[in-house]
>>> print(open('coords08.cif').read())   # mmCIF, C-alpha atoms
data_protein
#
loop_
_atom_site.label_atom_id
_atom_site.label_comp_id
_atom_site.auth_asym_id
_atom_site.auth_seq_id
_atom_site.Cartn_x
_atom_site.Cartn_y
_atom_site.Cartn_z
CA MET A 32 128.07 -18.78 209.95
CA PRO A 33 127.72 -14.99 210.20
CA ALA A 34 124.74 -13.48 211.99
CA THR A 35 121.77 -11.72 210.41
CA ILE A 36 120.19 -8.64 211.97
CA VAL A 37 116.59 -7.56 211.43
CA VAL A 38 116.03 -3.89 212.26
CA GLY A 39 113.13 -1.47 211.91
CA THR A 40 113.86 1.57 209.75
CA GLN A 41 111.03 3.88 210.78
CA TRP A 42 109.25 4.50 214.11
CA GLY A 43 108.44 0.89 214.82
CA ASP A 44 105.41 -1.22 213.91
CA GLU A 45 106.93 -2.01 210.52
CA GLY A 46 106.09 -5.70 210.77
CA LYS A 47 109.49 -6.97 211.96
CA GLY A 48 107.88 -9.96 213.68
CA LYS A 49 106.49 -11.34 210.42
CA PHE A 50 109.85 -11.28 208.63
CA THR A 51 111.75 -12.45 211.69
CA ASP A 52 109.35 -15.38 211.86
CA LEU A 53 109.91 -16.08 208.16
CA LEU A 54 113.70 -15.96 208.47
CA ALA A 55 113.68 -17.93 211.71
CA GLY A 56 112.82 -21.05 209.75
CA GLU A 57 116.36 -20.89 208.31
CA MET A 58 118.03 -20.25 211.70
CA SER A 59 119.02 -22.32 214.71
CA MET A 60 118.81 -19.39 217.15
CA VAL A 61 116.88 -16.11 217.37
CA VAL A 62 118.16 -13.50 219.81
CA ARG A 63 116.16 -10.55 221.09
CA TYR A 64 118.83 -7.91 221.76
CA GLN A 65 117.17 -4.85 223.35
CA GLY A 66 113.95 -3.23 224.54
CA GLY A 67 111.29 -4.57 226.83
CA HIS A 68 107.59 -5.37 226.74
CA ASN A 69 106.77 -1.87 225.51
CA ALA A 70 106.99 -3.19 221.94
CA GLY A 71 104.92 -6.05 220.64
CA HIS A 72 104.70 -7.88 217.35
CA THR A 73 101.96 -10.04 215.93
CA LEU A 74 102.60 -13.24 213.99
CA VAL A 75 99.88 -14.87 211.91
CA VAL A 76 100.43 -18.60 211.33
CA ASP A 77 97.76 -20.62 209.50
CA GLY A 78 95.20 -17.96 210.39
CA GLU A 79 96.13 -18.00 214.08
CA SER A 80 97.57 -14.81 215.62
CA PHE A 81 100.30 -14.74 218.26
CA ALA A 82 101.00 -11.40 219.98
CA LEU A 83 104.48 -11.49 221.49
CA GLN A 84 106.19 -8.89 223.65
CA LEU A 85 109.37 -10.46 225.04
CA VAL A 86 109.73 -13.98 223.68
CA PRO A 87 111.67 -13.99 220.37
CA SER A 88 109.70 -14.84 217.23
CA GLY A 89 111.67 -18.05 216.68
CA VAL A 90 109.77 -19.74 219.51
CA LEU A 91 107.20 -20.92 216.98
CA TYR A 92 109.80 -23.22 215.36
CA GLU A 93 110.72 -26.41 217.21
CA HIS A 94 114.31 -26.36 215.92
CA VAL A 95 115.03 -22.78 217.05
CA THR A 96 116.50 -21.73 220.40
CA PRO A 97 114.93 -18.37 221.34
CA VAL A 98 117.24 -16.22 223.48
CA ILE A 99 116.49 -13.03 225.42
CA GLY A 100 119.82 -11.20 225.42
CA ASN A 101 121.58 -9.05 227.97
CA GLY A 102 120.39 -5.82 226.31
CA VAL A 103 116.74 -6.49 227.18
CA VAL A 104 114.94 -5.27 230.30
CA VAL A 105 112.58 -7.95 231.57
CA ASP A 106 109.45 -7.81 233.70
CA PRO A 107 109.35 -11.40 235.04
CA ARG A 108 105.60 -11.30 235.50
CA VAL A 109 105.03 -10.34 231.87
CA LEU A 110 107.48 -12.94 230.61
CA ILE A 111 105.85 -15.71 232.64
CA ALA A 112 102.38 -14.69 231.42
CA GLU A 113 103.61 -14.78 227.84
CA MET A 114 105.18 -18.20 228.35
CA ASP A 115 101.93 -19.47 229.85
CA MET A 116 99.97 -18.11 226.87
CA LEU A 117 102.24 -19.90 224.42
CA GLU A 118 102.14 -23.17 226.36
CA SER A 119 98.34 -23.02 226.53
CA ARG A 120 98.27 -22.79 222.74
CA GLY A 121 100.59 -25.70 222.18
CA VAL A 122 103.87 -23.79 221.73
CA SER A 123 106.70 -25.10 223.90
CA THR A 124 108.83 -22.54 225.73
CA GLY A 125 111.20 -25.16 227.11
CA ARG A 126 113.93 -24.04 224.70
CA LEU A 127 113.72 -20.38 225.78
CA ARG A 128 116.91 -19.01 227.30
CA LEU A 129 117.18 -15.80 229.33
CA SER A 130 120.45 -13.94 229.77
CA GLY A 131 121.56 -13.68 233.38
CA ASN A 132 122.87 -10.20 232.52
CA ALA A 133 119.50 -8.83 231.39
CA HIS A 134 118.08 -6.27 233.79
CA LEU A 135 114.85 -6.65 235.73
CA ILE A 136 111.89 -4.30 235.59
CA LEU A 137 110.52 -3.89 239.11
CA PRO A 138 107.15 -2.46 240.21
CA TYR A 139 108.60 0.91 241.17
CA HIS A 140 109.96 1.35 237.65
CA GLN A 141 106.43 1.35 236.30
CA GLU A 142 105.23 3.76 238.96
CA LEU A 143 108.09 6.15 238.25
CA ASP A 144 107.45 5.88 234.50
CA ALA A 145 103.83 6.95 234.91
CA LEU A 146 104.68 9.73 237.37
CA HIS A 147 107.41 11.22 235.17
CA GLU A 148 105.11 11.18 232.14
CA ARG A 149 102.30 12.83 234.07
CA HIS A 150 104.55 15.59 235.37
CA LEU A 151 105.82 16.38 231.87
CA GLY A 152 102.32 17.58 231.03
CA LYS A 153 102.07 18.90 227.48
CA ASN A 154 105.70 17.88 226.93
CA ARG A 155 104.99 14.23 227.63
CA LEU A 156 106.81 11.72 225.45
CA GLY A 157 104.06 9.17 224.90
CA THR A 158 105.75 6.40 226.87
CA THR A 159 103.85 3.15 227.35
CA LYS A 160 104.41 3.46 231.13
CA ARG A 161 105.76 -0.10 231.28
CA GLY A 162 108.82 0.89 233.33
CA ILE A 163 111.29 0.53 230.47
CA GLY A 164 112.97 3.94 230.78
CA PRO A 165 113.43 3.86 234.57
CA ALA A 166 114.85 0.31 234.36
CA TYR A 167 117.42 1.41 231.78
CA ALA A 168 118.14 4.49 233.90
CA ASP A 169 118.92 2.28 236.90
CA ARG A 170 121.17 0.19 234.67
CA ALA A 171 123.07 3.31 233.61
CA MET A 172 123.30 4.45 237.25
CA ARG A 173 124.63 0.97 238.12
CA VAL A 174 121.96 0.32 240.73
CA GLY A 175 119.78 -2.06 238.68
CA LEU A 176 118.95 -5.63 239.55
CA ARG A 177 119.73 -8.28 236.96
CA VAL A 178 118.13 -11.59 236.12
CA GLN A 179 121.10 -13.43 237.69
CA ASP A 180 120.22 -11.84 241.04
CA LEU A 181 117.19 -14.13 241.14
CA LEU A 182 119.67 -16.96 241.70
CA ASP A 183 120.92 -15.45 244.97
CA PRO A 184 118.12 -14.30 247.33
CA LYS A 185 120.57 -12.65 249.72
CA ILE A 186 122.13 -10.54 246.98
CA PHE A 187 118.69 -9.74 245.54
CA ARG A 188 117.47 -8.39 248.87
CA GLN A 189 120.67 -6.42 249.50
CA LYS A 190 120.55 -4.75 246.08
CA LEU A 191 116.84 -4.08 246.34
CA GLY A 192 117.22 -2.48 249.77
CA ALA A 193 120.04 -0.26 248.53
CA VAL A 194 118.19 1.07 245.49
CA LEU A 195 114.97 1.62 247.44
CA GLU A 196 116.73 3.95 249.87
CA HIS A 197 116.96 6.46 247.03
CA THR A 198 113.83 5.47 245.10
CA ASN A 199 111.53 5.74 248.13
CA ARG A 200 112.85 9.22 248.88
CA VAL A 201 111.94 10.23 245.34
CA LEU A 202 108.49 8.67 245.56
CA THR A 203 107.63 10.18 248.94
CA ARG A 204 109.35 13.59 248.79
CA VAL A 205 109.07 14.48 245.12
CA PHE A 206 105.84 12.79 244.08
CA ASN A 207 104.08 12.53 247.46
CA ARG A 208 103.51 8.80 247.01
CA LEU A 209 103.71 5.91 249.44
CA PRO A 210 107.08 4.13 249.77
CA VAL A 211 107.62 0.77 248.10
CA ASP A 212 107.79 -2.27 250.37
CA ALA A 213 110.98 -4.24 249.70
CA ASP A 214 109.65 -7.40 251.32
CA GLU A 215 106.60 -7.48 249.05
CA ILE A 216 108.75 -7.23 245.94
CA ALA A 217 111.25 -9.79 247.18
CA THR A 218 108.49 -12.25 248.04
CA GLU A 219 106.87 -11.97 244.61
CA TYR A 220 110.09 -12.05 242.58
CA LEU A 221 111.98 -14.68 244.61
CA ASP A 222 109.16 -16.98 245.68
CA VAL A 223 106.83 -16.74 242.66
CA CYS A 224 108.83 -15.63 239.63
CA ALA A 225 112.27 -17.11 240.28
CA PRO A 226 111.22 -20.78 240.34
CA ARG A 227 109.59 -20.35 236.92
CA LEU A 228 112.52 -18.54 235.32
CA ILE A 229 115.59 -20.20 236.85
CA PRO A 230 115.45 -23.21 234.46
CA HIS A 231 115.75 -20.74 231.56
CA ILE A 232 118.55 -18.49 232.88
CA ALA A 233 121.80 -18.97 230.98
CA ASP A 234 125.07 -17.45 229.79
CA ALA A 235 123.55 -16.03 226.62
CA VAL A 236 126.86 -14.77 225.22
CA ALA A 237 128.31 -18.28 225.38
CA LEU A 238 125.20 -19.73 223.74
CA VAL A 239 125.35 -17.30 220.84
CA HIS A 240 129.05 -17.82 220.21
CA ASP A 241 128.69 -21.60 220.42
CA GLU A 242 126.13 -21.40 217.59
CA LEU A 243 128.28 -19.10 215.46
CA GLU A 244 131.43 -21.17 215.99
CA ALA A 245 129.52 -24.31 215.05
CA GLY A 246 128.63 -22.72 211.73
CA ARG A 247 124.92 -22.39 212.46
CA ASN A 248 122.68 -19.45 211.55
CA VAL A 249 121.80 -16.87 214.20
CA LEU A 250 119.21 -14.14 213.79
CA MET A 251 119.29 -10.94 215.87
CA GLU A 252 115.88 -9.39 216.50
CA GLY A 253 115.36 -5.89 217.90
CA ALA A 254 112.35 -4.04 219.21
CA GLN A 255 111.19 -0.56 218.17
CA ALA A 256 113.18 0.95 215.30
CA THR A 257 115.86 3.32 214.03
CA PHE A 258 113.99 6.56 214.67
CA LEU A 259 113.18 5.50 218.22
CA ASP A 260 116.85 4.85 218.92
CA LEU A 261 118.18 6.71 221.96
CA ASP A 262 121.10 8.16 219.99
CA HIS A 263 119.90 8.26 216.40
CA GLY A 264 116.14 8.76 216.72
CA THR A 265 113.93 11.83 216.99
CA TYR A 266 115.13 12.64 220.51
CA PRO A 267 113.56 13.07 223.06
CA PHE A 268 110.65 11.19 221.50
CA VAL A 269 112.58 7.92 221.53
CA THR A 270 112.95 4.72 223.49
CA SER A 271 115.61 4.10 226.15
CA SER A 272 117.86 1.70 224.25
CA ASN A 273 119.53 1.22 220.86
CA PRO A 274 117.36 -0.64 218.31
CA VAL A 275 119.85 0.10 215.49
CA ALA A 276 122.01 -2.71 214.13
CA GLY A 277 124.93 -1.69 216.34
CA GLY A 278 122.73 -2.37 219.35
CA ALA A 279 122.56 -6.01 218.32
CA CYS A 280 126.28 -6.37 218.98
CA THR A 281 126.14 -4.94 222.50
CA GLY A 282 122.76 -6.49 223.29
CA ALA A 283 123.77 -9.99 222.27
CA GLY A 284 127.49 -9.93 223.01
CA ILE A 285 129.01 -10.28 219.54
CA GLY A 286 131.40 -8.17 217.48
CA PRO A 287 130.58 -6.63 214.09
CA ARG A 288 132.72 -9.09 212.13
CA HIS A 289 130.15 -11.77 212.94
CA VAL A 290 127.44 -9.88 211.01
CA ASP A 291 127.17 -10.04 207.23
CA ARG A 292 123.48 -9.33 206.59
CA VAL A 293 121.39 -6.46 207.93
CA ILE A 294 117.79 -6.44 206.76
CA GLY A 295 115.90 -3.17 207.20
CA ILE A 296 112.14 -3.54 207.62
CA ALA A 297 110.09 -0.67 206.20
CA LYS A 298 106.36 -0.33 205.89
CA ALA A 299 105.12 0.76 202.44
CA TYR A 300 103.93 3.89 204.25
CA VAL A 301 104.89 5.25 207.68
CA THR A 302 103.25 5.26 211.11
CA ARG A 303 104.31 6.32 214.55
CA VAL A 304 102.79 6.19 218.04
CA GLY A 305 103.02 9.01 220.54
CA ALA A 306 104.42 12.50 220.21
CA GLY A 307 107.25 13.76 218.01
CA PRO A 308 107.94 15.19 214.55
CA PHE A 309 106.41 13.47 211.53
CA PRO A 310 106.94 15.37 208.24
CA THR A 311 104.71 13.17 206.06
CA GLU A 312 101.85 12.77 208.54
CA LEU A 313 98.38 12.63 206.98
CA PHE A 314 95.24 14.03 208.57
CA ASP A 315 92.87 13.30 205.67
CA ASP A 316 90.84 10.43 204.25
CA ILE A 317 93.98 8.73 202.93
CA GLY A 318 95.41 8.71 206.43
CA ASP A 319 92.19 7.14 207.70
CA HIS A 320 92.40 4.59 204.89
CA LEU A 321 95.92 3.57 205.92
CA VAL A 322 94.84 3.17 209.55
CA ASP A 323 91.66 1.27 208.78
CA VAL A 324 92.98 -1.05 206.07
CA GLY A 325 96.35 -1.51 207.76
CA HIS A 326 94.76 -2.06 211.20
CA GLU A 327 97.15 0.51 212.62
CA TYR A 328 96.53 0.15 216.32
CA GLY A 329 99.23 -0.73 218.86
CA THR A 330 99.72 -4.41 219.69
CA ASN A 331 100.25 -3.57 223.37
CA THR A 332 98.40 -0.31 223.93
CA GLY A 333 95.65 -0.34 221.33
CA ARG A 334 96.49 3.28 220.53
CA ARG A 335 95.70 4.57 217.04
CA ARG A 336 98.92 5.06 215.10
CA ARG A 337 99.64 8.28 213.25
CA PRO A 338 99.78 7.56 209.48
CA GLY A 339 101.82 9.15 206.69
CA TRP A 340 103.36 8.62 203.27
CA LEU A 341 106.63 6.73 202.86
CA ASP A 342 109.64 8.91 203.70
CA ALA A 343 112.75 8.18 201.62
CA VAL A 344 114.77 10.74 203.59
CA MET A 345 114.27 8.62 206.71
CA LEU A 346 115.13 5.45 204.82
CA ARG A 347 118.40 6.91 203.54
CA TYR A 348 119.42 7.76 207.09
CA ALA A 349 118.39 4.32 208.35
CA THR A 350 120.42 2.72 205.56
CA ARG A 351 123.50 4.61 206.69
CA VAL A 352 123.36 4.09 210.44
CA ASN A 353 122.45 0.41 210.13
CA SER A 354 124.66 -0.48 207.15
CA LEU A 355 121.63 -2.09 205.54
CA SER A 356 122.27 -4.78 202.98
CA GLU A 357 118.65 -4.95 201.85
CA LEU A 358 115.12 -3.80 202.56
CA ALA A 359 111.98 -5.80 203.29
CA ILE A 360 108.81 -3.84 202.50
CA THR A 361 105.72 -4.72 204.50
CA LYS A 362 102.03 -4.01 203.96
CA LEU A 363 102.33 -3.17 200.28
CA ASP A 364 98.78 -4.50 199.94
CA VAL A 365 97.43 -1.68 202.15
CA LEU A 366 98.07 0.67 199.20
CA ASP A 367 95.98 -1.48 196.83
CA GLY A 368 92.99 0.84 196.80
CA LEU A 369 94.82 4.14 196.21
CA GLU A 370 94.77 5.82 192.79
CA THR A 371 97.85 7.93 193.53
CA ILE A 372 100.77 7.20 195.84
CA ARG A 373 103.26 9.70 197.16
CA VAL A 374 106.84 9.29 198.37
CA CYS A 375 108.72 11.99 200.26
CA VAL A 376 112.11 12.44 198.56
CA ALA A 377 113.37 15.56 200.39
CA TYR A 378 112.40 18.18 202.97
CA GLU A 379 112.06 21.91 202.70
CA ALA A 380 112.83 24.02 205.77
CA ASN A 381 113.80 27.65 206.15
CA GLY A 382 113.89 28.03 202.37
CA GLU A 383 116.40 25.21 201.93
CA ARG A 384 116.05 21.74 200.46
CA HIS A 385 117.31 18.82 202.56
CA ASP A 386 117.98 15.52 200.78
CA GLN A 387 119.46 14.06 203.96
CA LEU A 388 117.94 14.06 207.42
CA PRO A 389 118.58 17.40 209.20
CA TYR A 390 120.68 16.88 212.30
CA HIS A 391 119.08 19.81 214.15
CA GLN A 392 115.71 18.99 215.73
CA SER A 393 114.32 22.50 215.16
CA VAL A 394 114.84 22.11 211.42
CA LEU A 395 113.17 18.70 211.42
CA HIS A 396 110.16 20.02 213.34
CA ARG A 397 109.65 22.70 210.66
CA ALA A 398 110.34 20.42 207.69
CA SER A 399 107.79 20.14 204.89
CA PRO A 400 107.89 17.08 202.63
CA VAL A 401 108.84 17.28 198.95
CA TYR A 402 106.83 14.59 197.19
CA GLU A 403 107.08 12.51 194.04
CA GLU A 404 103.75 11.12 192.84
CA MET A 405 103.23 7.73 191.29
CA PRO A 406 100.13 5.95 189.96
CA GLY A 407 98.58 3.27 192.15
CA TRP A 408 97.85 -0.23 190.90
CA LEU A 409 94.22 -0.64 192.07
CA THR A 410 94.75 -4.40 192.16
CA ASP A 411 94.51 -6.93 195.02
CA LEU A 412 98.05 -8.10 195.81
CA SER A 413 97.14 -10.57 198.55
CA GLU A 414 97.51 -13.64 196.30
CA VAL A 415 100.78 -12.59 194.64
CA THR A 416 103.58 -15.11 195.19
CA GLU A 417 106.14 -14.12 192.54
CA ARG A 418 107.69 -10.78 191.60
CA SER A 419 106.58 -11.29 187.99
CA GLN A 420 102.95 -11.26 189.18
CA LEU A 421 103.17 -7.73 190.56
CA PRO A 422 101.39 -5.02 188.56
CA ALA A 423 103.75 -2.72 186.67
CA GLU A 424 102.81 0.17 188.96
CA ALA A 425 103.70 -1.80 192.11
CA GLU A 426 106.98 -2.91 190.55
CA ALA A 427 107.73 0.73 189.66
CA TYR A 428 107.00 1.80 193.23
CA LEU A 429 109.47 -0.72 194.64
CA THR A 430 112.10 0.16 192.05
CA PHE A 431 111.71 3.84 192.94
CA ILE A 432 112.33 3.02 196.62
CA GLU A 433 115.47 1.08 195.70
CA GLN A 434 116.75 4.02 193.66
CA GLN A 435 116.03 6.50 196.43
CA VAL A 436 117.67 4.45 199.17
CA GLY A 437 120.50 2.69 197.37
CA VAL A 438 119.88 -0.87 198.56
CA PRO A 439 117.77 -3.61 196.97
CA VAL A 440 114.35 -4.71 198.10
CA GLY A 441 114.71 -8.37 199.00
CA MET A 442 111.23 -9.23 200.27
CA VAL A 443 107.74 -7.75 200.14
CA GLY A 444 104.77 -8.45 202.37
CA VAL A 445 101.36 -8.59 200.66
CA GLY A 446 99.23 -9.63 203.63
CA PRO A 447 99.39 -10.56 207.32
CA GLY A 448 99.91 -14.30 206.87
CA ARG A 449 103.25 -16.07 207.20
CA ARG A 450 103.13 -17.14 203.53
CA GLN A 451 102.01 -13.78 202.13
CA VAL A 452 105.55 -12.77 201.22
CA VAL A 453 107.22 -12.28 197.85
CA ARG A 454 110.98 -12.94 197.86
CA PHE A 455 113.02 -11.07 195.28
CA HIS A 456 116.45 -12.52 195.94
CA ALA A 457 117.78 -15.90 196.95
#
>>> encode(input="coords08.cif", output="structure tokens")
Amino acid sequence: MPATIVVGTQWGDEGKGKFTDLLAGEMSMVVRYQGGHNAGHTLVVDGESFALQLVPSGVLYEHVTPVIGNGVVVDPRVLIAEMDMLESRGVSTGRLRLSGNAHLILPYHQELDALHERHLGKNRLGTTKRGIGPAYADRAMRVGLRVQDLLDPKIFRQKLGAVLEHTNRVLTRVFNRLPVDADEIATEYLDVCAPRLIPHIADAVALVHDELEAGRNVLMEGAQATFLDLDHGTYPFVTSSNPVAGGACTGAGIGPRHVDRVIGIAKAYVTRVGAGPFPTELFDDIGDHLVDVGHEYGTNTGRRRRPGWLDAVMLRYATRVNSLSELAITKLDVLDGLETIRVCVAYEANGERHDQLPYHQSVLHRASPVYEEMPGWLTDLSEVTERSQLPAEAEAYLTFIEQQVGVPVGMVGVGPGRRQVVRFHA
């Protein structure tokens, strides 16, 4: 069977975990293909919340094999803590598989992350300081340590010693910090972490292809979203990997012919965390309403998210670069109490109208939104289970999004619970 990709279409926090969890029930495998523990998602099952950072959403289903792919950077300590949390709550992690080609986050990555951010001053990027960027940088420089190195203590120590020759010079001479002790890291990672993770280390590429060749359903799950993509996002205010659908191929080890469904997740409004351009950002009571009703605070950091109206210009771009086959709209219920709803349909900058996303960052930073206004529905959607039950105004809002973007809306979230979803298409 072909693979399905779930991808965020905004700046993250769209609610990908909820829809991945929903779709996982129809899958035999869920693969996390990029990112690290800088992005979390919250699943609500029978009133119980599960905040996950690294473990794929499919872990909550007994028939699903959750796989952390080669495109992910993994802090073993965080992964073990997450596994322990799940086990303590009755969720087995015995089926979890971890790609031997995934790269390791080491303690000095986190220290470098914080130091780089601090030295950027007013130009800081808003990183979570979890070591994600430095780990990906080491991967690109070909000096990173991989999960498979935990299987060979001699190789682990050799690679660690080699990379620390450079890293310690940076820490001591550039940042005036103490050098990192290689023996301390090796002891923690080899003696404490490795025994816990070795039973889960596998050839993830082989696992994925075995499922596909057997005709079973595989779901690819990314972290962050299109506009945090290293190549296609609002650079430099982006993450260090490729959350777009193409990243699923490299991060899981499959070719594009295996993919026939790409579901773009979009919140019914927009939020982002950290610095960067945001044409539809709201600083008024409506923005506060979106934050308060939508509980818009980071799963990992607790930071207040920046709120704004839905941006169809962004969605058009996300549709293109991801080859979206459909949209899933989350948190439609957060708009229940608004009399008027706006959608950005174009930008104005330098006296020109832009119906497509400007490629030049200076234009985007100066862009003003061009809005279309629609009446709100002032009705509680939380109990809606069928499309026919939606108020006419909510139906019109979704139809307008479809017309603006050019792909159908396949699912709509009307609350945080697993069952609070309206499916539009089979």
>>> residues_around(input="coords08.cif", residues="segment 426-430 of chain A", least_positions_apart="6", cutoff="12 Å", atoms="all atoms listed in the file", output="mmCIF file with C-alpha atoms, in the frame of the given file")
data_model
loop_
_atom_site.group_PDB
_atom_site.id
_atom_site.type_symbol
_atom_site.label_atom_id
_atom_site.label_comp_id
_atom_site.auth_asym_id
_atom_site.auth_seq_id
_atom_site.Cartn_x
_atom_site.Cartn_y
_atom_site.Cartn_z
ATOM 1 C CA ALA A 297 110.090 -0.670 206.200
ATOM 2 C CA LYS A 298 106.360 -0.330 205.890
ATOM 3 C CA ALA A 299 105.120 0.760 202.440
ATOM 4 C CA TYR A 300 103.930 3.890 204.250
ATOM 5 C CA LEU A 341 106.630 6.730 202.860
ATOM 6 C CA ALA A 343 112.750 8.180 201.620
ATOM 7 C CA LEU A 358 115.120 -3.800 202.560
ATOM 8 C CA ALA A 359 111.980 -5.800 203.290
ATOM 9 C CA ILE A 360 108.810 -3.840 202.500
ATOM 10 C CA THR A 361 105.720 -4.720 204.500
ATOM 11 C CA LEU A 363 102.330 -3.170 200.280
ATOM 12 C CA LEU A 366 98.070 0.670 199.200
ATOM 13 C CA THR A 371 97.850 7.930 193.530
ATOM 14 C CA ILE A 372 100.770 7.200 195.840
ATOM 15 C CA ARG A 373 103.260 9.700 197.160
ATOM 16 C CA VAL A 374 106.840 9.290 198.370
ATOM 17 C CA GLU A 403 107.080 12.510 194.040
ATOM 18 C CA GLU A 404 103.750 11.120 192.840
ATOM 19 C CA MET A 405 103.230 7.730 191.290
ATOM 20 C CA PRO A 406 100.130 5.950 189.960
ATOM 21 C CA GLY A 407 98.580 3.270 192.150
ATOM 22 C CA TRP A 408 97.850 -0.230 190.900
ATOM 23 C CA LEU A 412 98.050 -8.100 195.810
ATOM 24 C CA GLU A 417 106.140 -14.120 192.540
ATOM 25 C CA ARG A 418 107.690 -10.780 191.600
ATOM 26 C CA SER A 419 106.580 -11.290 187.990
ATOM 27 C CA GLN A 420 102.950 -11.260 189.180
ATOM 28 C CA VAL A 436 117.670 4.450 199.170
ATOM 29 C CA GLY A 437 120.500 2.690 197.370
ATOM 30 C CA VAL A 438 119.880 -0.870 198.560
ATOM 31 C CA PRO A 439 117.770 -3.610 196.970
ATOM 32 C CA VAL A 440 114.350 -4.710 198.100
ATOM 33 C CA GLY A 441 114.710 -8.370 199.000
ATOM 34 C CA MET A 442 111.230 -9.230 200.270
ATOM 35 C CA VAL A 443 107.740 -7.750 200.140
ATOM 36 C CA GLY A 444 104.770 -8.450 202.370
ATOM 37 C CA VAL A 453 107.220 -12.280 197.850
ATOM 38 C CA PHE A 455 113.020 -11.070 195.280
#
>>> closest_residue(input="coords08.cif", among="A:Ala235, A:Ile36, A:Ala423, A:Val95", to="Glu57 of chain A", atoms="all atoms listed in the file")
A:Val95
>>> residues_near_point(input="coords08.cif", point="(106.6, 0.7, 242.1)", cutoff="12 Å", atoms="all atoms listed in the file", output="short mmCIF file (atom, residue, chain, number, x, y, z; two decimals) with C-alpha atoms, in the frame of the given file")
data_model
loop_
_atom_site.label_atom_id
_atom_site.label_comp_id
_atom_site.auth_asym_id
_atom_site.auth_seq_id
_atom_site.Cartn_x
_atom_site.Cartn_y
_atom_site.Cartn_z
CA ILE A 136 111.89 -4.30 235.59
CA LEU A 137 110.52 -3.89 239.11
CA PRO A 138 107.15 -2.46 240.21
CA TYR A 139 108.60 0.91 241.17
CA HIS A 140 109.96 1.35 237.65
CA GLN A 141 106.43 1.35 236.30
CA GLU A 142 105.23 3.76 238.96
CA LEU A 143 108.09 6.15 238.25
CA ASP A 144 107.45 5.88 234.50
CA ALA A 145 103.83 6.95 234.91
CA LEU A 146 104.68 9.73 237.37
CA LYS A 160 104.41 3.46 231.13
CA ARG A 161 105.76 -0.10 231.28
CA GLY A 162 108.82 0.89 233.33
CA PRO A 165 113.43 3.86 234.57
CA ALA A 166 114.85 0.31 234.36
CA LEU A 195 114.97 1.62 247.44
CA THR A 198 113.83 5.47 245.10
CA ASN A 199 111.53 5.74 248.13
CA VAL A 201 111.94 10.23 245.34
CA LEU A 202 108.49 8.67 245.56
CA THR A 203 107.63 10.18 248.94
CA ARG A 208 103.51 8.80 247.01
CA LEU A 209 103.71 5.91 249.44
CA PRO A 210 107.08 4.13 249.77
CA VAL A 211 107.62 0.77 248.10
CA ASP A 212 107.79 -2.27 250.37
CA ALA A 213 110.98 -4.24 249.70
CA GLU A 215 106.60 -7.48 249.05
CA ILE A 216 108.75 -7.23 245.94
#
>>> residues_around(input="coords08.cif", residues="segment 101-109 of chain A", least_positions_apart="5", cutoff="9 Å", atoms="all atoms listed in the file", output="number ranges by chain")
A: 63-68, 84-85, 114, 129-138, 161-163, 166-167, 177-178, 220, 224-225, 228, 235-236, 272-273, 278-279, 281-284
>>> resolve_selection(input="coords08.cif", expression="the PyMOL selection byres ((chain A and resi 380-392) around 8)", output="list in words")
Thr265, Tyr266, Val344, Met345, Arg347, Tyr348, Val376, Ala377, Tyr378, Glu379, Ser393, Val394, Leu395, His396, Arg397, Ala398 and Ser399 of chain A
>>> axis_aligned_box(input="coords08.cif", around="segment 258-266 of chain A", padding_each_side="8 Å", output="JSON")
{"center_x": 117.1, "center_y": 8.7, "center_z": 218.3, "size_x": 23.9, "size_y": 23.8, "size_z": 23.3}
>>> closest_residue(input="coords08.cif", among="A:Val365, A:Ile99, A:Ala306, A:Ile186", to="Pro267 of chain A", atoms="all atoms listed in the file")
A:Ala306
>>> resolve_selection(input="coords08.cif", expression="the PyMOL selection byres ((chain A and resi 238) around 12)", output="PyMOL selection string")
chain A and resi 59-62+96-100+127-131+232-237+239-245+247+249+283-285
>>> resolve_selection(input="coords08.cif", expression="the PyMOL selection byres ((chain A and resi 42) around 8)", output="VMD selection string")
chain A and resid 39 to 41 43 to 45 255 to 259 301 to 304
>>> write_last_selection(input="coords08.cif", atoms="C-alpha atoms", output="short mmCIF file (atom, residue, chain, number, x, y, z; two decimals), in the frame of the given file")
data_model
loop_
_atom_site.label_atom_id
_atom_site.label_comp_id
_atom_site.auth_asym_id
_atom_site.auth_seq_id
_atom_site.Cartn_x
_atom_site.Cartn_y
_atom_site.Cartn_z
CA GLY A 39 113.13 -1.47 211.91
CA THR A 40 113.86 1.57 209.75
CA GLN A 41 111.03 3.88 210.78
CA GLY A 43 108.44 0.89 214.82
CA ASP A 44 105.41 -1.22 213.91
CA GLU A 45 106.93 -2.01 210.52
CA GLN A 255 111.19 -0.56 218.17
CA ALA A 256 113.18 0.95 215.30
CA THR A 257 115.86 3.32 214.03
CA PHE A 258 113.99 6.56 214.67
CA LEU A 259 113.18 5.50 218.22
CA VAL A 301 104.89 5.25 207.68
CA THR A 302 103.25 5.26 211.11
CA ARG A 303 104.31 6.32 214.55
CA VAL A 304 102.79 6.19 218.04
#
>>> closest_residue(input="coords08.cif", among="A:Met251, A:Ala70, A:Glu148, A:Met58", to="Thr270 of chain A", atoms="only C-alpha atoms")
A:Ala70
>>> residues_near_point(input="coords08.cif", point="(103.8, -17.6, 206.3)", cutoff="7 Å", atoms="all atoms listed in the file", output="list in words")
Leu53, Val76, Gly448, Arg449, Arg450 and Gln451 of chain A
>>> atom_distance(input="coords08.cif", atom1="atom CA of Lys49 of chain A", atom2="atom CA of Asp364 of chain A")
14.7 Å
